[in-house]
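A.B. asks: My structure is below; once you've seen it, I'll send some questions.
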Amino acid sequence: MRVIAGEAKGRALKAVPGMNTRPTTDKVKEAIFSMIGPYFDGGWALDLFAGTGGLGIEALSRGMDKAVFVDMDRASVAVVRANVAAAGMAARAEIYTNEAGRAVKALQKRGQRFSAVFLDPPYRLTHMDELIAELQERELLADDAVIVVEHDASRAYPERIGAWERSKRAEYGETAVTVYRRREDGNTEAADGQEG
C-alpha cells in the first residue's frame, strides 16, 4: 500500500497485523479519489473506521487541511500513527481510539464540519446510512461535503439519506463504493426512497 498522489505520493503505508482489517486496495483508493477529487482545496476530512489511515492520508496528500482518524482497535490506531508520520502528515492529523458512534458525539461538541467523510467499516457493519443521518443531524457535514462508503458489493445503500443523495456507486469485485453529495435543493423533508 502506498500514497497514490499529491504531496506524499509514493510513500509506503504499513498494514495492520492480523486478519481483522481489510485495507482499501490501491486500485479502489485510486478509483475513489478520481470520483471525488482528485484534489481538494482545503477543508477537514474524517476517516471514521480508519484501519491503516490510508483514505484520510490520501485526502491530506491531495489538499485537505486536516484529518481526524478514528478507530476502536488499538493496533489500528498505532498503525495510523506510524503511517501519518511516514507520510509527513503528523502535524495535520488528529488520531483517536474510539467507537464511531461515540466519536461522532464527541466531535459535535467541537463544532467542526467536515468536507470529506470516509466510512470503510468492517463489512459486517451495515448501518452506515444511520451514521450518515447522525452526522447530518449533529451538523458535522459541510454544505459541500462528500461522503464515501466502502462496503460489501451485496449491500445496497439508499438513494437518499436526508439532504444527501447517492451520486455514484461502483463495484470492484466483492467491494462496492457508494458516494453521497448534498442534493442541489438541500431538501431534507422527502423521506428516503420516496419521490420528493
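Ordered as shown in the C-alpha cells, chains take letters A, B, and onward, while each chain numbers its residues from 1 and ligands are numbered from 1 in the order shown.
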If we count only C-alpha atoms and set the cut-off at 9 Å, which residues sit around Arg81 of chain A, ignoring sequence neighbours fewer than 5 positions away in its own chain? Please answer as a list in words.
C.D. replies: Thr52, Gly53, Ser76, Ala86, Ala90, Ala93 and Ile95 of chain A
A.B. asks: From a backbone DSSP assignment, name each residue in chain A labelled strand (DSSP E or B), as a PyMOL selection string.
C.D. replies: chain A and resi 2+12+44-47+66-71+93-97+114-119+141-152+160-161+164-172+175-182
A.B. asks: How many Å separate atom CA of Arg183 of chain A from atom CA of Glu165 of chain A?
C.D. replies: 5.8 Å
A.B. asks: Counting only C-alpha atoms, what is within 8 Å of Ala100 of chain A, bar same-chain residues fewer than 6 positions away, as a PDB file with all heavy atoms, in the first residue's frame?
C.D. replies:
```
ATOM      1  N   LEU A  48     -13.457   7.606   9.615  1.00  0.00           N
ATOM      2  CA  LEU A  48     -14.135   7.176  10.843  1.00  0.00           C
ATOM      3  C   LEU A  48     -13.889   5.715  11.235  1.00  0.00           C
ATOM      4  O   LEU A  48     -14.078   5.348  12.376  1.00  0.00           O
ATOM      5  CB  LEU A  48     -15.640   7.458  10.710  1.00  0.00           C
ATOM      6  CG  LEU A  48     -16.461   7.564  11.987  1.00  0.00           C
ATOM      7  CD1 LEU A  48     -15.815   8.439  13.039  1.00  0.00           C
ATOM      8  CD2 LEU A  48     -17.868   8.069  11.679  1.00  0.00           C
ATOM      9  N   PHE A  49     -13.525   4.878  10.301  1.00  0.00           N
ATOM     10  CA  PHE A  49     -13.108   3.492  10.617  1.00  0.00           C
ATOM     11  C   PHE A  49     -11.721   3.375  10.002  1.00  0.00           C
ATOM     12  O   PHE A  49     -11.515   2.702   9.003  1.00  0.00           O
ATOM     13  CB  PHE A  49     -14.078   2.483  10.004  1.00  0.00           C
ATOM     14  CG  PHE A  49     -15.493   2.598  10.523  1.00  0.00           C
ATOM     15  CD1 PHE A  49     -16.395   3.483   9.935  1.00  0.00           C
ATOM     16  CD2 PHE A  49     -15.926   1.826  11.597  1.00  0.00           C
ATOM     17  CE1 PHE A  49     -17.695   3.592  10.406  1.00  0.00           C
ATOM     18  CE2 PHE A  49     -17.225   1.932  12.077  1.00  0.00           C
ATOM     19  CZ  PHE A  49     -18.110   2.819  11.477  1.00  0.00           C
ATOM     20  N   VAL A  70     -10.280   7.968  13.322  1.00  0.00           N
ATOM     21  CA  VAL A  70     -10.887   7.293  14.473  1.00  0.00           C
ATOM     22  C   VAL A  70     -10.912   5.795  14.202  1.00  0.00           C
ATOM     23  O   VAL A  70     -11.330   5.359  13.121  1.00  0.00           O
ATOM     24  CB  VAL A  70     -12.339   7.788  14.711  1.00  0.00           C
ATOM     25  CG1 VAL A  70     -12.965   7.040  15.885  1.00  0.00           C
ATOM     26  CG2 VAL A  70     -12.378   9.297  14.955  1.00  0.00           C
ATOM     27  N   ASP A  71     -10.482   5.011  15.169  1.00  0.00           N
ATOM     28  CA  ASP A  71     -10.653   3.563  15.104  1.00  0.00           C
ATOM     29  C   ASP A  71     -10.724   3.051  16.538  1.00  0.00           C
ATOM     30  O   ASP A  71     -10.094   3.616  17.432  1.00  0.00           O
ATOM     31  CB  ASP A  71      -9.500   2.896  14.347  1.00  0.00           C
ATOM     32  CG  ASP A  71      -9.919   1.547  13.761  1.00  0.00           C
ATOM     33  OD1 ASP A  71     -10.126   0.597  14.554  1.00  0.00           O
ATOM     34  OD2 ASP A  71     -10.057   1.445  12.530  1.00  0.00           O
ATOM     35  N   MET A  72     -11.517   2.006  16.747  1.00  0.00           N
ATOM     36  CA  MET A  72     -11.628   1.491  18.115  1.00  0.00           C
ATOM     37  C   MET A  72     -10.575   0.438  18.425  1.00  0.00           C
ATOM     38  O   MET A  72     -10.401   0.052  19.572  1.00  0.00           O
ATOM     39  CB  MET A  72     -13.045   0.967  18.386  1.00  0.00           C
ATOM     40  CG  MET A  72     -13.476  -0.202  17.554  1.00  0.00           C
ATOM     41  SD  MET A  72     -15.227  -0.591  17.832  1.00  0.00           S
ATOM     42  CE  MET A  72     -15.202  -1.094  19.538  1.00  0.00           C
TER      43      MET A  72
END
```
A.B. asks: Taking the DSSP assignment computed from this structure's backbone, write out as an MDAnalysis selection string all residues of segment 51-151 of chain A that belong to helix (DSSP H, G or I).
C.D. replies: chainID A and resid 54:61 74:86 90:92 100:110 128:137
A.B. asks: For Arg169 of chain A, which residue out of A:Ala116, A:Leu140, A:Val149, A:Ala82 is the nearest one, using only C-alpha atoms?
C.D. replies: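 Smallest distance to Arg169 of chain A is found for A:Val149.
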A.B. asks: If we count only C-alpha atoms and set the cut-off at 9 Å, which residues sit around segment 34-47 of chain A, ignoring sequence neighbours fewer than 4 positions away in its own chain? Please answer as a ChimeraX atom specification.
C.D. replies: /A:5-6,29-30,51,53-57,59-71,112-120,142,146-148,168,179
A.B. asks: Would you put the residues from that selection into a file with C-alpha atoms, as a PDB file, in the first residue's frame?
C.D. replies:
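Output file part-v7.pdb follows:
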```
ATOM      1  CA  ALA A   5      -0.979  11.119  -5.489  1.00  0.00           C
ATOM      2  CA  GLY A   6      -0.252  14.557  -4.090  1.00  0.00           C
ATOM      3  CA  LYS A  29      -8.402   4.054  -3.473  1.00  0.00           C
ATOM      4  CA  GLU A  30      -7.422   5.477  -6.855  1.00  0.00           C
ATOM      5  CA  GLY A  51      -7.858   0.973   9.814  1.00  0.00           C
ATOM      6  CA  GLY A  53      -5.479   5.546   7.805  1.00  0.00           C
ATOM      7  CA  GLY A  54      -4.945   5.173   4.050  1.00  0.00           C
ATOM      8  CA  LEU A  55      -8.032   7.131   2.959  1.00  0.00           C
ATOM      9  CA  GLY A  56      -7.512  10.068   5.311  1.00  0.00           C
ATOM     10  CA  ILE A  57      -3.800  10.235   4.465  1.00  0.00           C
ATOM     11  CA  ALA A  59      -7.070  13.115   1.335  1.00  0.00           C
ATOM     12  CA  LEU A  60      -4.357  15.093   3.171  1.00  0.00           C
ATOM     13  CA  SER A  61      -1.849  14.382   0.428  1.00  0.00           C
ATOM     14  CA  ARG A  62      -4.359  15.696  -2.135  1.00  0.00           C
ATOM     15  CA  GLY A  63      -5.010  19.003  -0.407  1.00  0.00           C
ATOM     16  CA  MET A  64      -7.206  18.640   2.680  1.00  0.00           C
ATOM     17  CA  ASP A  65      -6.003  20.891   5.522  1.00  0.00           C
ATOM     18  CA  LYS A  66      -6.523  18.440   8.379  1.00  0.00           C
ATOM     19  CA  ALA A  67      -7.889  14.969   9.023  1.00  0.00           C
ATOM     20  CA  VAL A  68      -9.399  13.253  12.041  1.00  0.00           C
ATOM     21  CA  PHE A  69      -8.750   9.498  12.230  1.00  0.00           C
ATOM     22  CA  VAL A  70     -10.887   7.293  14.473  1.00  0.00           C
ATOM     23  CA  ASP A  71     -10.653   3.563  15.104  1.00  0.00           C
ATOM     24  CA  GLN A 112     -16.123  21.000  13.452  1.00  0.00           C
ATOM     25  CA  ARG A 113     -17.625  20.462   9.984  1.00  0.00           C
ATOM     26  CA  PHE A 114     -16.103  18.004   7.548  1.00  0.00           C
ATOM     27  CA  SER A 115     -15.729  18.370   3.775  1.00  0.00           C
ATOM     28  CA  ALA A 116     -14.921  14.687   3.193  1.00  0.00           C
ATOM     29  CA  VAL A 117     -16.075  11.710   5.254  1.00  0.00           C
ATOM     30  CA  PHE A 118     -14.742   8.190   4.712  1.00  0.00           C
ATOM     31  CA  LEU A 119     -16.746   5.260   6.090  1.00  0.00           C
ATOM     32  CA  ASP A 120     -14.903   1.987   5.493  1.00  0.00           C
ATOM     33  CA  ALA A 142     -20.032  20.976   5.437  1.00  0.00           C
ATOM     34  CA  VAL A 146     -18.702  14.343   0.030  1.00  0.00           C
ATOM     35  CA  ILE A 147     -19.311  11.058   1.861  1.00  0.00           C
ATOM     36  CA  VAL A 148     -17.680   7.828   0.728  1.00  0.00           C
ATOM     37  CA  LYS A 168     -22.129   7.338  -7.681  1.00  0.00           C
ATOM     38  CA  VAL A 179     -20.619   8.261  -2.859  1.00  0.00           C
TER      39      VAL A 179
END
```
A.B. asks: Considering only C-alpha atoms, can you say which of A:Glu134, A:Ala75, A:Thr25, A:Glu150 comes closest to Arg102 of chain A?
C.D. replies: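 For Arg102 of chain A, the nearest of the given residues is A:Glu134.
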A.B. asks: To one decimal in Å, tell me the separation between atom CA of Asp26 of chain A and atom CA of Met1 of chain A.
C.D. replies: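 A separation of 6.3 Å between them.
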A.B. asks: Which residue out of A:Arg155, A:Thr97, A:Lys14, A:Arg182 has the minimum interatomic distance to Arg124 of chain A when only C-alpha atoms are used?
C.D. replies: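 Residue with the minimum atom-to-atom distance to Arg124 of chain A: A:Arg155.
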